[in-house]
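Contents: one structure, followed by commentary.
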Amino acid sequence: MLSDPCLGVSALAFDRVAKEDVYLRSKLPHVGTTIFTVMSKMAQQYNAINLSQGFPDFDCPQDLQERVSFYLNNRRNQYAPMTGVAELRQQIALKLIDQYGCRLDADHEITVTSGATEALFDAIQATVSRDDEVIMFDPAYDSYDPAVRLAGGKPVHLRLQQPGYQIDWQQVAEHINDRTRMIIINSPHNPSGSVLSAADLDALASLIRNRDIYVLSDEVYEHMVFDGGQHESVLRHAELREKSFAVFSFGKTYHATGWKMAFCAAPAAMTAEFRKVHQFVTFTSTSFLQYAIADFMRDCPQHHQQLAAFYQQKRDYFCELIRDSRFVFTPSAGTYFQCVDYSHISDLDDVAFVNWMTQEKGVAAIPLSAFYESPPESRVIRFCFCKDNSTLEQAAEILRRL
Ligand SMILES: Cc1ncc(COP(=O)(O)O)c(C=O)c1O
């Protein structure tokens, strides 16, 4: 009999249990493997240049790595406090004052999480009950909808409007009712690269004023706003701040997506509910990483201060490289993504097009339809440009010939 030496259970018995368990009713019957996993796997299989999933192909700062090694080797390997290491929460609080003029209580309003994905999930589970409605905007990051469904809530998908993937606030007003519990915004926006303005936040504030509606603000690309623009965080907005979970990711800021480190800032009463979920989802996040990030934030603030310029250069370089291609695009205002229209190249739908491009031409991208509840007719795909210039050059060489 086969047995797994680590688990000490029979592999055959395990297999039998899985087969017998066919009566298990899926809570997410329409959910498959995420498009990011699918495309990265395909890129690997076909040895294609991977401009699909959003992760850098360069490493995180050396200074940060050294701090990680230090704490790993100096006894910071046991459970961190449930809310996050105090030094890290303190550094986050200082940064939020500096960045957004927002003074938060590090003990009661900031929680460290295992990735922004966890923070988004916790905030939704803490807030949304059966039959509550949650407004989100398509194209939308793919974790919002299933998290709302798992809470028993009802996702209400509205479309961002062209040109420029903007929120139509009149349309939002028409969809708000007594069951609306939460509105999820994401700026800078993945996948479109659009950013919300101060006027957008004012519009949102006026729509939820005197209503029992919370905001979940996904700001993981906070440091990637280009062309002199500033990131409009809900934390900068006195009224919205009082009703918002603001979610940020160290993975994006420090080129370390594999660490899955992030945090959520919210008023004390909301944070208390958030932590009730967090403590039973992960309880806490990797301890030595927290100490290392705290030191790095204190000692090297220039890293995040220079990030917009760093990624703007990459955006400009990539856009310049594909300027003479048959792709049509407007340079992104933020994030490390660039959406392009390929309708001058092919009549294929976007999934077929990225499959063809990956398998036959050797460059992988993400089809935008993956971010929609009901995809539009348009032919748009997303490239990720957080790559070494040499990777972008090799990819562009191919893309210019399509
Ligand atoms: C808009 C958006 N939100 C959340 C996340 C998740 O971030 P993390 O890797 O910190 O969980 C991502 C990652 O790609 C993202 O693009």
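Every chain in the structure tokens takes a letter, A first, then B, and so on in the order presented; its residues are numbered from 1, and the ligands are numbered from 1 following the presented order.
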TODO: Residues up to 6 Å from ligand 1, counting only C-alpha atoms and all ligand atoms: could you list those as a PyMOL selection string?
DONE: chain A and resi 54+115-117+141+190+218+220+249+251+257+260-262
Apply DSSP to the structure's backbone, then extract all residues of stretch 65-257 of chain A labelled alpha helix (DSSP H) and return them as a ChimeraX atom specification. /A:65-72,86-100,115-127,144-150,169-175,198-208,238-241,250-253
Exercise: A:Phe248 partners within 12 Å, only C-alpha atoms, chain neighbours under 4 positions left out, as a VMD selection string: chain A and resid 92 96 110 to 120 186 to 188 216 to 223 233 to 235 252 to 254 260 to 266
Can I get the selected residues back with C-alpha atoms, as a PDB file, in the first residue's frame?
```
ATOM      1  CA  ILE A  92       2.997  52.082   9.135  1.00  0.00           C
ATOM      2  CA  LEU A  96       0.387  57.154   6.808  1.00  0.00           C
ATOM      3  CA  ILE A 110      -3.837  49.023  11.867  1.00  0.00           C
ATOM      4  CA  THR A 111      -3.650  45.247  11.347  1.00  0.00           C
ATOM      5  CA  VAL A 112      -0.912  43.338   9.522  1.00  0.00           C
ATOM      6  CA  THR A 113      -2.221  40.561   7.259  1.00  0.00           C
ATOM      7  CA  SER A 114      -0.929  37.770   5.051  1.00  0.00           C
ATOM      8  CA  GLY A 115      -1.303  39.626   1.770  1.00  0.00           C
ATOM      9  CA  ALA A 116      -3.899  42.122   0.660  1.00  0.00           C
ATOM     10  CA  THR A 117      -5.978  39.148  -0.431  1.00  0.00           C
ATOM     11  CA  GLU A 118      -6.419  38.177   3.200  1.00  0.00           C
ATOM     12  CA  ALA A 119      -7.222  41.747   4.242  1.00  0.00           C
ATOM     13  CA  LEU A 120      -9.880  42.054   1.521  1.00  0.00           C
ATOM     14  CA  ASN A 186      -9.596  50.026  -6.357  1.00  0.00           C
ATOM     15  CA  SER A 187      -7.210  52.839  -7.232  1.00  0.00           C
ATOM     16  CA  PRO A 188      -4.736  52.732  -8.918  1.00  0.00           C
ATOM     17  CA  LEU A 216     -13.410  48.685   0.961  1.00  0.00           C
ATOM     18  CA  SER A 217     -10.588  50.576  -0.702  1.00  0.00           C
ATOM     19  CA  ASP A 218      -8.005  48.399  -2.414  1.00  0.00           C
ATOM     20  CA  GLU A 219      -4.913  50.614  -2.652  1.00  0.00           C
ATOM     21  CA  VAL A 220      -2.198  48.032  -3.202  1.00  0.00           C
ATOM     22  CA  TYR A 221      -0.679  50.139  -6.029  1.00  0.00           C
ATOM     23  CA  GLU A 222      -0.649  53.331  -3.916  1.00  0.00           C
ATOM     24  CA  HIS A 223       2.940  54.186  -4.892  1.00  0.00           C
ATOM     25  CA  SER A 233      -6.329  57.470  -0.666  1.00  0.00           C
ATOM     26  CA  VAL A 234      -9.552  57.229   1.321  1.00  0.00           C
ATOM     27  CA  LEU A 235      -7.270  57.970   4.284  1.00  0.00           C
ATOM     28  CA  LYS A 252       3.743  45.381  -4.426  1.00  0.00           C
ATOM     29  CA  THR A 253       5.752  48.139  -2.806  1.00  0.00           C
ATOM     30  CA  TYR A 254       8.864  46.083  -2.026  1.00  0.00           C
ATOM     31  CA  LYS A 260       2.239  37.887   0.993  1.00  0.00           C
ATOM     32  CA  MET A 261       2.576  40.714   3.503  1.00  0.00           C
ATOM     33  CA  ALA A 262       0.080  43.548   3.746  1.00  0.00           C
ATOM     34  CA  PHE A 263      -1.999  45.622   6.136  1.00  0.00           C
ATOM     35  CA  CYS A 264      -5.433  47.095   6.654  1.00  0.00           C
ATOM     36  CA  ALA A 265      -6.181  50.511   8.169  1.00  0.00           C
ATOM     37  CA  ALA A 266      -9.674  51.194   9.499  1.00  0.00           C
TER      38      ALA A 266
END
```
- [ ] With a distance cut-off of 8 Å and only C-alpha atoms, select the neighbouring residues of A:Ala147, excluding the residue or stretch itself and same-chain residues fewer than 5 positions from it, and output the selection as number ranges by chain.
- [x] A: 121, 124-125
- Task: Determine which residues of stretch 214-299 of chain A DSSP labels as strand (DSSP E or B) from the backbone of this structure, then write them out as a PyMOL selection string.
- Result: chain A and resi 214-218+225+244-249+262-265
Output N, CA and C atoms of each residue in that selection to a file, as an mmCIF file, in the first residue's frame.
```
data_model
loop_
_atom_site.group_PDB
_atom_site.id
_atom_site.type_symbol
_atom_site.label_atom_id
_atom_site.label_comp_id
_atom_site.auth_asym_id
_atom_site.auth_seq_id
_atom_site.Cartn_x
_atom_site.Cartn_y
_atom_site.Cartn_z
ATOM 1 N N TYR A 214 -20.312 50.658 3.955
ATOM 2 C CA TYR A 214 -18.866 50.784 4.177
ATOM 3 C C TYR A 214 -18.122 50.761 2.854
ATOM 4 N N VAL A 215 -16.887 51.269 2.900
ATOM 5 C CA VAL A 215 -16.057 51.279 1.699
ATOM 6 C C VAL A 215 -14.888 50.333 1.935
ATOM 7 N N LEU A 216 -14.634 49.492 0.944
ATOM 8 C CA LEU A 216 -13.410 48.685 0.961
ATOM 9 C C LEU A 216 -12.532 49.251 -0.140
ATOM 10 N N SER A 217 -11.420 49.859 0.259
ATOM 11 C CA SER A 217 -10.588 50.576 -0.702
ATOM 12 C C SER A 217 -9.291 49.812 -0.916
ATOM 13 N N ASP A 218 -9.177 49.210 -2.076
ATOM 14 C CA ASP A 218 -8.005 48.399 -2.414
ATOM 15 C C ASP A 218 -6.957 49.338 -3.024
ATOM 16 N N VAL A 225 1.568 55.980 -9.114
ATOM 17 C CA VAL A 225 0.732 56.955 -9.816
ATOM 18 C C VAL A 225 1.695 57.846 -10.598
ATOM 19 N N SER A 244 -14.159 53.452 6.062
ATOM 20 C CA SER A 244 -13.398 52.658 5.086
ATOM 21 C C SER A 244 -12.416 51.686 5.717
ATOM 22 N N PHE A 245 -12.312 50.519 5.060
ATOM 23 C CA PHE A 245 -11.164 49.634 5.243
ATOM 24 C C PHE A 245 -10.204 49.979 4.094
ATOM 25 N N ALA A 246 -9.008 50.454 4.413
ATOM 26 C CA ALA A 246 -8.029 50.757 3.367
ATOM 27 C C ALA A 246 -6.971 49.663 3.391
ATOM 28 N N VAL A 247 -6.757 49.053 2.221
ATOM 29 C CA VAL A 247 -5.887 47.875 2.151
ATOM 30 C C VAL A 247 -4.653 48.162 1.299
ATOM 31 N N PHE A 248 -3.482 47.815 1.838
ATOM 32 C CA PHE A 248 -2.195 48.094 1.183
ATOM 33 C C PHE A 248 -1.362 46.812 1.160
ATOM 34 N N SER A 249 -0.403 46.729 0.237
ATOM 35 C CA SER A 249 0.393 45.496 0.133
ATOM 36 C C SER A 249 1.891 45.789 0.103
ATOM 37 N N ALA A 262 0.913 42.387 4.040
ATOM 38 C CA ALA A 262 0.080 43.548 3.746
ATOM 39 C C ALA A 262 -0.474 44.113 5.046
ATOM 40 N N PHE A 263 -1.330 45.142 4.930
ATOM 41 C CA PHE A 263 -1.999 45.622 6.136
ATOM 42 C C PHE A 263 -3.306 46.303 5.789
ATOM 43 N N CYS A 264 -4.148 46.429 6.813
ATOM 44 C CA CYS A 264 -5.433 47.095 6.654
ATOM 45 C C CYS A 264 -5.538 48.209 7.685
ATOM 46 N N ALA A 265 -5.946 49.390 7.257
ATOM 47 C CA ALA A 265 -6.181 50.511 8.169
ATOM 48 C C ALA A 265 -7.672 50.804 8.176
#
```
Kindly assemble as JSON lines a list of the stretch 30-100 of chain A residues that lie within 12 Å of stretch 287-291 of chain A, each paired with its nearest atom pair and their distance in Å to one decimal, using only C-alpha atoms, sorted first by chain and then by ascending residue number.
```
{"residue": "A:Leu64", "atom": "CA", "partner": "A:Leu289", "partner_atom": "CA", "distance": 9.3}
{"residue": "A:Gln65", "atom": "CA", "partner": "A:Leu289", "partner_atom": "CA", "distance": 9.4}
{"residue": "A:Glu66", "atom": "CA", "partner": "A:Leu289", "partner_atom": "CA", "distance": 10.9}
{"residue": "A:Arg67", "atom": "CA", "partner": "A:Tyr291", "partner_atom": "CA", "distance": 8.1}
{"residue": "A:Val68", "atom": "CA", "partner": "A:Leu289", "partner_atom": "CA", "distance": 5.9}
{"residue": "A:Ser69", "atom": "CA", "partner": "A:Phe288", "partner_atom": "CA", "distance": 8.3}
{"residue": "A:Phe70", "atom": "CA", "partner": "A:Phe288", "partner_atom": "CA", "distance": 8.5}
{"residue": "A:Tyr71", "atom": "CA", "partner": "A:Phe288", "partner_atom": "CA", "distance": 5.2}
{"residue": "A:Leu72", "atom": "CA", "partner": "A:Phe288", "partner_atom": "CA", "distance": 5.5}
{"residue": "A:Asn73", "atom": "CA", "partner": "A:Phe288", "partner_atom": "CA", "distance": 8.9}
{"residue": "A:Asn74", "atom": "CA", "partner": "A:Phe288", "partner_atom": "CA", "distance": 8.8}
{"residue": "A:Arg75", "atom": "CA", "partner": "A:Phe288", "partner_atom": "CA", "distance": 8.4}
{"residue": "A:Arg76", "atom": "CA", "partner": "A:Phe288", "partner_atom": "CA", "distance": 5.1}
{"residue": "A:Asn77", "atom": "CA", "partner": "A:Ser287", "partner_atom": "CA", "distance": 6.0}
{"residue": "A:Gln78", "atom": "CA", "partner": "A:Ser287", "partner_atom": "CA", "distance": 6.7}
{"residue": "A:Tyr79", "atom": "CA", "partner": "A:Ser287", "partner_atom": "CA", "distance": 6.4}
{"residue": "A:Ala80", "atom": "CA", "partner": "A:Ser287", "partner_atom": "CA", "distance": 5.1}
{"residue": "A:Pro81", "atom": "CA", "partner": "A:Ser287", "partner_atom": "CA", "distance": 8.6}
{"residue": "A:Met82", "atom": "CA", "partner": "A:Ser287", "partner_atom": "CA", "distance": 10.4}
{"residue": "A:Thr83", "atom": "CA", "partner": "A:Gln290", "partner_atom": "CA", "distance": 11.3}
{"residue": "A:Gly84", "atom": "CA", "partner": "A:Gln290", "partner_atom": "CA", "distance": 7.5}
{"residue": "A:Val85", "atom": "CA", "partner": "A:Gln290", "partner_atom": "CA", "distance": 6.4}
{"residue": "A:Ala86", "atom": "CA", "partner": "A:Tyr291", "partner_atom": "CA", "distance": 9.1}
{"residue": "A:Glu87", "atom": "CA", "partner": "A:Tyr291", "partner_atom": "CA", "distance": 7.1}
{"residue": "A:Leu88", "atom": "CA", "partner": "A:Gln290", "partner_atom": "CA", "distance": 6.2}
{"residue": "A:Arg89", "atom": "CA", "partner": "A:Gln290", "partner_atom": "CA", "distance": 9.2}
{"residue": "A:Gln90", "atom": "CA", "partner": "A:Tyr291", "partner_atom": "CA", "distance": 11.3}
{"residue": "A:Gln91", "atom": "CA", "partner": "A:Tyr291", "partner_atom": "CA", "distance": 10.5}
{"residue": "A:Ile92", "atom": "CA", "partner": "A:Gln290", "partner_atom": "CA", "distance": 11.1}
```
One decimal place gives the atom CA of A:Thr127-atom CA of A:Thr271 separation as 10.7 Å
Q.
Can you measure atom CA of A:Arg236 to atom CA of A:Asp168 for me? One decimal in Å is fine.
A.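 Calculated distance between atom CA of A:Arg236 and atom CA of A:Asp168 is 21.7 Å.
Neighbours of A:Asp131 closer than or equal to 7 Å, with only C-alpha atoms counted and sequence neighbours fewer than 4 positions away skipped, come out as Gly152, Gly153 and Lys154 of chain A.
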Restricted to C-alpha atoms, what would the selected residues look like written as an mmCIF file, in the first residue's frame?
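The resulting file, again.cif, is shown below:
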```cif
data_model
loop_
_atom_site.group_PDB
_atom_site.id
_atom_site.type_symbol
_atom_site.label_atom_id
_atom_site.label_comp_id
_atom_site.auth_asym_id
_atom_site.auth_seq_id
_atom_site.Cartn_x
_atom_site.Cartn_y
_atom_site.Cartn_z
ATOM 1 C CA GLY A 152 -23.657 35.031 1.736
ATOM 2 C CA GLY A 153 -23.758 38.454 0.117
ATOM 3 C CA LYS A 154 -24.745 39.459 -3.391
#
```
Contacts of stretch 198-201 of chain A within 8 Å, only C-alpha atoms, excl. fewer than 4 positions in-chain, as a ChimeraX atom specification:
/A:167,205,232,234,237,240
For those residues, write N, CA and C atoms to a file as a compact mmCIF listing (two decimals), in the first residue's frame.
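The resulting file, selection25.txt, is reproduced below:
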```txt
# COMPACT_ATOMS: atom_id res chain seq x y z
N ILE A 167 -15.64 55.60 -13.07
CA ILE A 167 -16.88 55.23 -12.38
C ILE A 167 -17.98 56.23 -12.74
N ALA A 205 -18.33 59.79 -1.15
CA ALA A 205 -18.69 60.20 0.22
C ALA A 205 -20.13 60.71 0.27
N GLU A 232 -5.00 59.32 -4.50
CA GLU A 232 -6.09 59.79 -3.64
C GLU A 232 -6.55 58.64 -2.77
N VAL A 234 -8.40 56.90 0.45
CA VAL A 234 -9.55 57.23 1.32
C VAL A 234 -9.06 57.78 2.65
N HIS A 237 -9.18 61.45 2.95
CA HIS A 237 -10.52 62.03 2.88
C HIS A 237 -11.19 61.90 4.26
N LEU A 240 -14.62 59.88 4.30
CA LEU A 240 -14.54 58.47 3.88
C LEU A 240 -13.73 57.63 4.86
```
Listing only residues of stretch 143-204 of chain A within 8 Å of stretch 339-357 of chain A, what is the closest atom pair and its distance in Å (to one decimal) for each, using only C-alpha atoms, sorted by chain and residue number ascending, as a tab-separated table?
```
residue	atom	partner	partner_atom	distance
A:Pro191	CA	A:Cys339	CA	7.2
A:Ser192	CA	A:Cys339	CA	6.0
A:Gly193	CA	A:Cys339	CA	7.6
```
